[in-house]
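Coordinates as given in final-v5.cif (mmCIF, C-alpha atoms):
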data_entry
loop_
_atom_site.label_atom_id
_atom_site.label_comp_id
_atom_site.auth_asym_id
_atom_site.auth_seq_id
_atom_site.Cartn_x
_atom_site.Cartn_y
_atom_site.Cartn_z
CA MET A 169 0.00 0.00 0.00
CA THR A 170 1.41 3.36 -1.03
CA GLN A 171 1.41 5.58 2.03
CA ILE A 172 0.67 9.27 1.60
CA ALA A 173 1.25 10.14 5.23
CA GLY A 174 4.17 9.16 7.38
CA ALA A 175 4.75 7.63 10.78
CA GLY A 176 2.32 4.77 10.30
CA CYS A 177 -0.66 6.76 9.00
CA PRO A 178 -3.18 4.29 7.50
CA VAL A 179 -4.34 6.62 4.72
CA SER A 180 -3.16 5.60 1.27
CA LEU A 181 -3.38 7.24 -2.13
CA SER A 182 -5.27 4.23 -3.51
CA ASN A 183 -7.85 4.41 -0.70
CA MET A 184 -8.37 8.11 -1.27
CA ILE A 185 -8.83 7.64 -5.02
CA ALA A 186 -11.24 4.74 -4.41
CA PHE A 187 -13.28 7.00 -2.13
CA LEU A 188 -13.39 9.76 -4.74
CA LYS A 189 -14.61 7.30 -7.37
CA THR A 190 -17.92 7.13 -5.53
CA PHE A 191 -18.50 10.75 -6.59
CA LEU A 192 -17.68 10.24 -10.28
CA ASP A 193 -20.28 10.90 -12.95
CA GLU A 194 -20.77 8.91 -16.15
CA ASN A 195 -17.90 10.80 -17.81
CA GLY A 196 -15.43 9.92 -15.07
CA ASN A 197 -15.41 13.41 -13.55
CA VAL A 198 -16.08 14.31 -9.93
CA SER A 199 -19.59 15.60 -9.42
CA PRO A 200 -20.08 17.72 -6.26
CA LEU A 201 -23.03 17.09 -4.00
CA TYR A 202 -24.14 20.73 -4.11
CA LYS A 203 -24.41 22.65 -7.36
CA GLN A 204 -25.48 26.21 -7.94
CA GLU A 205 -28.40 27.01 -10.17
CA GLY A 206 -27.22 26.80 -13.76
CA ALA A 207 -24.20 24.65 -12.95
CA SER A 208 -25.91 21.50 -14.22
CA THR A 209 -26.21 22.68 -17.82
CA PRO A 210 -24.12 20.75 -20.38
CA ASP A 211 -21.90 23.77 -21.10
CA ALA A 212 -21.20 24.39 -17.42
CA GLU A 213 -20.61 20.71 -16.71
CA SER A 214 -18.11 20.44 -19.58
CA ILE A 215 -15.93 23.07 -17.87
CA TYR A 216 -16.65 22.72 -14.17
CA ALA A 217 -16.52 18.94 -13.75
CA PRO A 218 -13.09 18.35 -15.38
CA ALA A 219 -11.65 21.38 -13.57
CA LEU A 220 -12.83 20.02 -10.23
CA THR A 221 -11.45 16.57 -11.02
CA TYR A 222 -8.02 17.89 -11.97
CA THR A 223 -7.98 20.14 -8.91
CA LEU A 224 -8.60 17.14 -6.66
CA LEU A 225 -5.94 15.06 -8.38
CA PHE A 226 -3.43 17.90 -8.13
CA THR A 227 -4.26 18.29 -4.43
CA LEU A 228 -3.62 14.60 -3.80
CA VAL A 229 -0.34 14.62 -5.73
CA VAL A 230 0.93 17.66 -3.82
CA TYR A 231 -0.06 16.07 -0.52
CA ALA A 232 1.65 12.80 -1.43
CA PHE A 233 4.86 14.67 -2.28
CA GLU A 234 4.79 16.71 0.93
CA ALA A 235 4.01 13.59 2.97
CA HIS A 236 7.04 11.87 1.45
CA LEU A 237 9.22 14.80 2.50
CA ASP A 238 7.74 14.61 5.99
CA ASP A 239 8.60 10.91 6.12
CA LEU A 240 12.22 11.70 5.31
CA GLN A 241 12.30 14.45 7.91
CA TYR A 242 10.69 12.19 10.49
CA ALA A 243 13.35 9.54 9.89
CA ALA A 244 16.06 12.17 10.38
CA TYR A 245 14.54 13.31 13.67
CA LYS A 246 14.41 9.72 14.94
CA ILE A 247 18.21 9.45 14.80
CA LYS A 248 19.49 9.40 18.37
CA ASP A 249 23.24 9.20 17.77
CA PHE A 250 25.14 12.47 17.73
CA PRO A 251 26.71 13.02 14.26
CA LYS A 252 30.10 11.29 14.25
CA ASN A 253 31.98 13.88 12.17
CA LEU A 254 30.77 16.68 14.41
CA LYS A 255 31.56 14.65 17.50
CA ASP A 256 35.15 14.07 16.36
CA THR A 257 35.60 17.79 15.71
CA VAL A 258 34.18 18.78 19.10
CA LEU A 259 36.36 16.19 20.85
CA LYS A 260 39.42 17.80 19.30
CA ILE A 261 38.32 21.20 20.57
CA ASP A 262 37.69 19.81 24.05
CA GLY A 263 41.05 18.04 23.92
CA LEU A 264 42.84 21.31 23.19
CA ALA A 265 41.06 22.98 26.10
CA ASN A 266 42.08 20.16 28.45
CA ALA A 267 45.67 20.25 27.21
CA LYS A 268 45.98 23.94 28.01
CA SER A 269 44.70 23.43 31.55
CA GLU A 270 46.92 20.47 32.45
CA GLY A 271 48.86 20.97 35.68
CA ASN A 272 46.46 23.57 37.01
CA THR A 273 43.72 22.03 39.15
CA LYS A 274 41.41 25.04 39.02
CA GLU A 275 41.76 25.38 35.27
CA GLU A 276 41.14 21.66 34.82
CA GLU A 277 37.91 21.90 36.83
CA ALA A 278 36.87 24.96 34.84
CA ALA A 279 37.67 23.16 31.58
CA ASP A 280 35.50 20.22 32.61
CA ASP A 281 32.62 22.62 33.19
CA VAL A 282 32.90 24.16 29.72
CA LEU A 283 33.36 20.99 27.68
CA LEU A 284 31.37 21.40 24.49
CA LEU A 285 30.48 17.79 23.70
CA PRO A 286 28.17 17.05 26.68
CA LYS A 287 26.31 20.32 26.11
CA LEU A 288 25.94 19.76 22.39
CA GLU A 289 24.80 16.17 22.89
CA SER A 290 22.17 17.34 25.36
CA LYS A 291 20.93 20.04 22.97
CA PHE A 292 20.93 17.56 20.09
CA GLU A 293 18.77 15.12 22.07
CA LYS A 294 16.29 17.85 23.01
CA SER A 295 16.21 19.14 19.44
CA GLN A 296 15.48 15.67 18.06
CA LYS A 297 12.62 15.12 20.52
CA TYR A 298 11.15 18.51 19.65
CA GLY A 299 11.49 17.75 15.94
CA VAL A 300 9.70 14.40 16.31
CA ASP A 301 6.78 16.01 18.13
CA LYS A 302 6.56 18.83 15.58
CA ILE A 303 6.70 16.59 12.52
CA ARG A 304 4.10 14.20 13.94
CA PHE A 305 1.79 17.11 14.63
CA GLN A 306 2.44 18.47 11.15
CA MET A 307 1.52 15.12 9.59
CA VAL A 308 -1.78 15.01 11.46
CA SER A 309 -2.67 18.62 10.67
CA GLN A 310 -1.79 18.19 6.99
CA LEU A 311 -3.91 15.06 6.79
CA TYR A 312 -6.82 16.95 8.33
CA ASN A 313 -6.33 19.83 5.89
CA LEU A 314 -6.39 17.34 3.02
CA ILE A 315 -9.60 15.71 4.24
CA GLU A 316 -11.20 19.09 4.85
CA GLY A 317 -10.14 20.48 1.48
CA VAL A 318 -11.26 17.42 -0.46
CA GLY A 319 -14.49 17.29 1.51
CA PHE A 320 -15.25 20.94 0.79
CA LEU A 321 -14.62 20.46 -2.93
CA VAL A 322 -16.60 17.24 -3.24
CA CYS A 323 -19.52 18.58 -1.21
CA GLY A 324 -19.62 21.87 -3.13
CA PHE A 325 -18.98 23.85 0.03
CA LEU A 326 -17.79 27.05 -1.66
CA PRO A 327 -20.78 27.49 -3.99
CA TYR A 328 -23.07 26.60 -1.09
CA THR A 329 -21.41 29.24 1.09
CA TRP A 330 -21.73 31.81 -1.70
CA ASP A 331 -25.44 31.11 -2.03
CA MET A 332 -25.77 31.35 1.75
CA ALA A 333 -23.95 34.71 1.70
CA ALA A 334 -26.25 35.90 -1.08
CA SER A 335 -29.26 34.97 1.04
CA VAL A 336 -27.84 37.04 3.90
CA TYR A 337 -27.02 40.07 1.72
CA ASP A 338 -28.39 40.11 -1.81
CA LYS A 339 -28.10 43.82 -2.62
CA GLY A 340 -24.87 43.67 -4.55
CA GLU A 341 -21.86 41.58 -5.49
CA ILE A 342 -19.51 43.49 -3.18
CA GLY A 343 -21.66 42.97 -0.10
CA THR A 344 -22.19 39.31 -0.93
CA SER A 345 -18.44 38.85 -1.44
CA LEU A 346 -17.66 40.41 1.95
CA VAL A 347 -20.18 38.17 3.70
CA PHE A 348 -18.77 35.17 1.81
CA LEU A 349 -15.20 35.94 2.88
CA ALA A 350 -16.30 36.63 6.46
CA ILE A 351 -17.98 33.21 6.67
CA LEU A 352 -14.90 31.46 5.27
CA THR A 353 -12.62 33.35 7.68
CA LEU A 354 -14.72 32.40 10.69
CA ILE A 355 -14.95 28.75 9.64
CA GLY A 356 -11.21 28.60 8.97
CA THR A 357 -10.49 30.14 12.37
CA ILE A 358 -12.74 27.67 14.16
CA THR A 359 -11.42 24.57 12.39
CA SER A 360 -7.78 25.56 12.91
CA LEU A 361 -8.24 26.54 16.56
CA PRO A 362 -7.80 23.03 18.08
CA PHE A 363 -4.54 22.56 16.18
CA GLU A 364 -3.22 25.97 17.24
CA LEU A 365 -4.12 25.29 20.87
CA TYR A 366 -2.41 21.90 20.85
CA SER A 367 0.68 23.25 19.13
CA THR A 368 1.01 26.22 21.48
CA PHE A 369 0.00 24.77 24.83
CA GLN A 370 1.07 21.17 24.40
CA ILE A 371 4.08 20.89 22.10
CA GLU A 372 5.65 24.32 22.60
CA LYS A 373 4.98 24.28 26.34
CA LYS A 374 6.36 20.75 26.69
CA HIS A 375 9.68 21.86 25.21
CA GLY A 376 9.81 25.16 27.09
CA PHE A 377 9.12 27.51 24.17
CA ASN A 378 5.69 28.84 25.14
CA LYS A 379 5.27 31.69 27.60
CA GLN A 380 1.81 32.67 26.38
CA THR A 381 -1.26 32.39 28.59
CA MET A 382 -4.62 31.11 27.39
CA GLY A 383 -6.16 34.54 27.86
CA LEU A 384 -3.45 36.24 25.81
CA PHE A 385 -3.82 33.61 23.10
CA PHE A 386 -7.54 34.25 22.66
CA SER A 387 -7.19 38.02 22.93
CA ASP A 388 -4.60 37.94 20.14
CA LYS A 389 -6.92 35.75 18.08
CA VAL A 390 -9.82 38.19 18.51
CA LYS A 391 -7.59 41.16 17.64
CA SER A 392 -6.38 39.36 14.53
CA LEU A 393 -9.95 38.71 13.39
CA LEU A 394 -10.96 42.32 14.03
CA LEU A 395 -7.99 43.62 12.06
CA THR A 396 -8.83 41.24 9.23
CA PHE A 397 -12.39 42.54 9.03
CA VAL A 398 -11.56 46.22 9.63
CA ILE A 399 -8.62 46.41 7.21
CA GLY A 400 -9.24 43.51 4.86
CA GLY A 401 -12.94 44.20 4.32
CA PRO A 402 -12.60 47.73 2.91
CA PHE A 403 -9.55 46.68 0.88
CA VAL A 404 -11.46 43.82 -0.76
CA ALA A 405 -14.42 46.12 -1.37
CA LEU A 406 -12.14 48.63 -3.12
CA LEU A 407 -10.65 45.92 -5.31
CA LEU A 408 -14.07 44.60 -6.30
CA ASN A 409 -15.35 48.10 -6.96
CA TYR A 410 -12.28 48.83 -9.10
CA ARG A 411 -12.83 45.63 -11.06
CA LYS A 412 -16.45 46.55 -11.70
CA GLY A 413 -15.45 50.01 -12.83
#
For this file, write the structure as C-alpha cells.
Amino acid sequence: MTQIAGAGCPVSLSNMIAFLKTFLDENGNVSPLYKQEGASTPDAESIYAPALTYTLLFTLVVYAFEAHLDDLQYAAYKIKDFPKNLKDTVLKIDGLANAKSEGNTKEEEAADDVLLLPKLESKFEKSQKYGVDKIRFQMVSQLYNLIEGVGFLVCGFLPYTWDMAASVYDKGEIGTSLVFLAILTLIGTITSLPFELYSTFQIEKKHGFNKQTMGLFFSDKVKSLLLTFVIGGPFVALLLNYRKG
C-alpha cells in the first residue's frame, strides 16, 4: 500500500482515489453534491466537472509529495546518535582545552565545566525530541487539511457558502463577497483553533518555548480577526469596486 502520510498513518493514495470514485459521474469526472443554479447545464458541466477533477488530483499529488518529504524528515529526527563527524571535531576542541589546563587544578575543573560535547549532545537530544513532536503534529494537521479540502470540494462547500452569503445580503456583489469571505474566515479560524491550541499549549509548552497564557492567546486571536475585518474588508471592497469600474 502506497502511504501518503508518514509515521504509520493508515491513509493511502489508492484508498483516497477509491473513495473519490464514488462521486464520479458517467464521464469519469467528480460531481459535487451541491451545485449552484445553472451549474448543471451541459456547457457548465463540460468546464466545471473536469476542472474540479483535476484540482482534486493535483491536491492529492501535492499532498503525497509533501508527505514523502515529511517521512524523510521524520526519519532524520528519529536518529538518536550524535553526528560522528561533528563529535570528532568537538572532541578535538575539548582536547585542546584540556591540554591547556593540564597541571592547574582550578583550570582543569573549569575546563570540565565548559566541555562542548556534553552540552551539544544534550541540545541535540532535546532538538530531536522537539522535531519528532513537531513533525508528527504536522503530519496530522496536513492530513486533516487534506480531508477538509477534499471534503469541501466534493460537497460543493464554496458554492453553497456563496449562495448562503447571497441569502444574507443580496443587494450587490460586493456585499455578498464580503459576507462570503467573512464566513470562510470564521470557519477557517474555528477549524484551525484546536490545532493551534495543541501546538502552542502542548508541544511548545512541553519543550519550554511557550510563555503565552490562554487569555493572551484568545485576545490575540480576537484582535487578529478584528484587524482582518476592519482592514481587509474595505480593501477587498475597493478591489471589487475597481474591477467593476
Taken to one decimal, the CA of Gly356 (chain A)-CA of Val300 (chain A) distance is 26.3 Å
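With CA of Tyr328 (chain A) on one side and CA of Thr190 (chain A) on the other, the separation reads 20.6 Å.
Between Leu311 (chain A) and the residues A:Leu384, A:Leu352, A:Leu228, A:Leu192, the shortest atom-to-atom distance, using only C-alpha atoms, involves A:Leu228.
A straight line drawn from CA of Gln204 (chain A) to CA of Leu406 (chain A) is 26.5 Å long.
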Selection in question (the file shown): the PyMOL selection byres ((chain A and resi 393-399) around 10). Which residues does it include, as a count of residues only? 17
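Summary of the local environment: counting all atoms listed in the file, residues at most 10 Å from Lys246 (chain A), other than itself and those fewer than 4 positions away along its chain, are A:Gln241, A:Tyr242, A:Glu293, A:Gln296, A:Lys297, A:Gly299, A:Val300.
Nearest to Ala333 (chain A) of all the residues A:Met382, A:Val347, A:Ala405, A:Leu285 is A:Val347, based on all atoms listed in the file.
Of the residues listed (A:Met332, A:Ala267, A:Leu237, A:Ala217), A:Leu237 shows the shortest atom-to-atom separation from Ile303 (chain A); distances use all atoms listed in the file.
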Translate the PyMOL selection byres ((chain A and resi 371) around 12) into a concrete residue list for this structure, as a PDB file with C-alpha atoms, keeping the file's coordinate frame.
ATOM      1  CA  LYS A 297      12.620  15.120  20.520  1.00  0.00           C
ATOM      2  CA  TYR A 298      11.150  18.510  19.650  1.00  0.00           C
ATOM      3  CA  GLY A 299      11.490  17.750  15.940  1.00  0.00           C
ATOM      4  CA  VAL A 300       9.700  14.400  16.310  1.00  0.00           C
ATOM      5  CA  ASP A 301       6.780  16.010  18.130  1.00  0.00           C
ATOM      6  CA  LYS A 302       6.560  18.830  15.580  1.00  0.00           C
ATOM      7  CA  ILE A 303       6.700  16.590  12.520  1.00  0.00           C
ATOM      8  CA  ARG A 304       4.100  14.200  13.940  1.00  0.00           C
ATOM      9  CA  PHE A 305       1.790  17.110  14.630  1.00  0.00           C
ATOM     10  CA  GLN A 306       2.440  18.470  11.150  1.00  0.00           C
ATOM     11  CA  PHE A 363      -4.540  22.560  16.180  1.00  0.00           C
ATOM     12  CA  GLU A 364      -3.220  25.970  17.240  1.00  0.00           C
ATOM     13  CA  LEU A 365      -4.120  25.290  20.870  1.00  0.00           C
ATOM     14  CA  TYR A 366      -2.410  21.900  20.850  1.00  0.00           C
ATOM     15  CA  SER A 367       0.680  23.250  19.130  1.00  0.00           C
ATOM     16  CA  THR A 368       1.010  26.220  21.480  1.00  0.00           C
ATOM     17  CA  PHE A 369       0.000  24.770  24.830  1.00  0.00           C
ATOM     18  CA  GLN A 370       1.070  21.170  24.400  1.00  0.00           C
ATOM     19  CA  GLU A 372       5.650  24.320  22.600  1.00  0.00           C
ATOM     20  CA  LYS A 373       4.980  24.280  26.340  1.00  0.00           C
ATOM     21  CA  LYS A 374       6.360  20.750  26.690  1.00  0.00           C
ATOM     22  CA  HIS A 375       9.680  21.860  25.210  1.00  0.00           C
ATOM     23  CA  GLY A 376       9.810  25.160  27.090  1.00  0.00           C
ATOM     24  CA  PHE A 377       9.120  27.510  24.170  1.00  0.00           C
ATOM     25  CA  ASN A 378       5.690  28.840  25.140  1.00  0.00           C
TER      26      ASN A 378
END
Selection as an NGL selection string: residues within 8 Å of (-2.3, 15.2, 2.6), counting all atoms listed in the file: :A and (172-173 or 227-228 or 230-232 or 234-235 or 307 or 310-315)
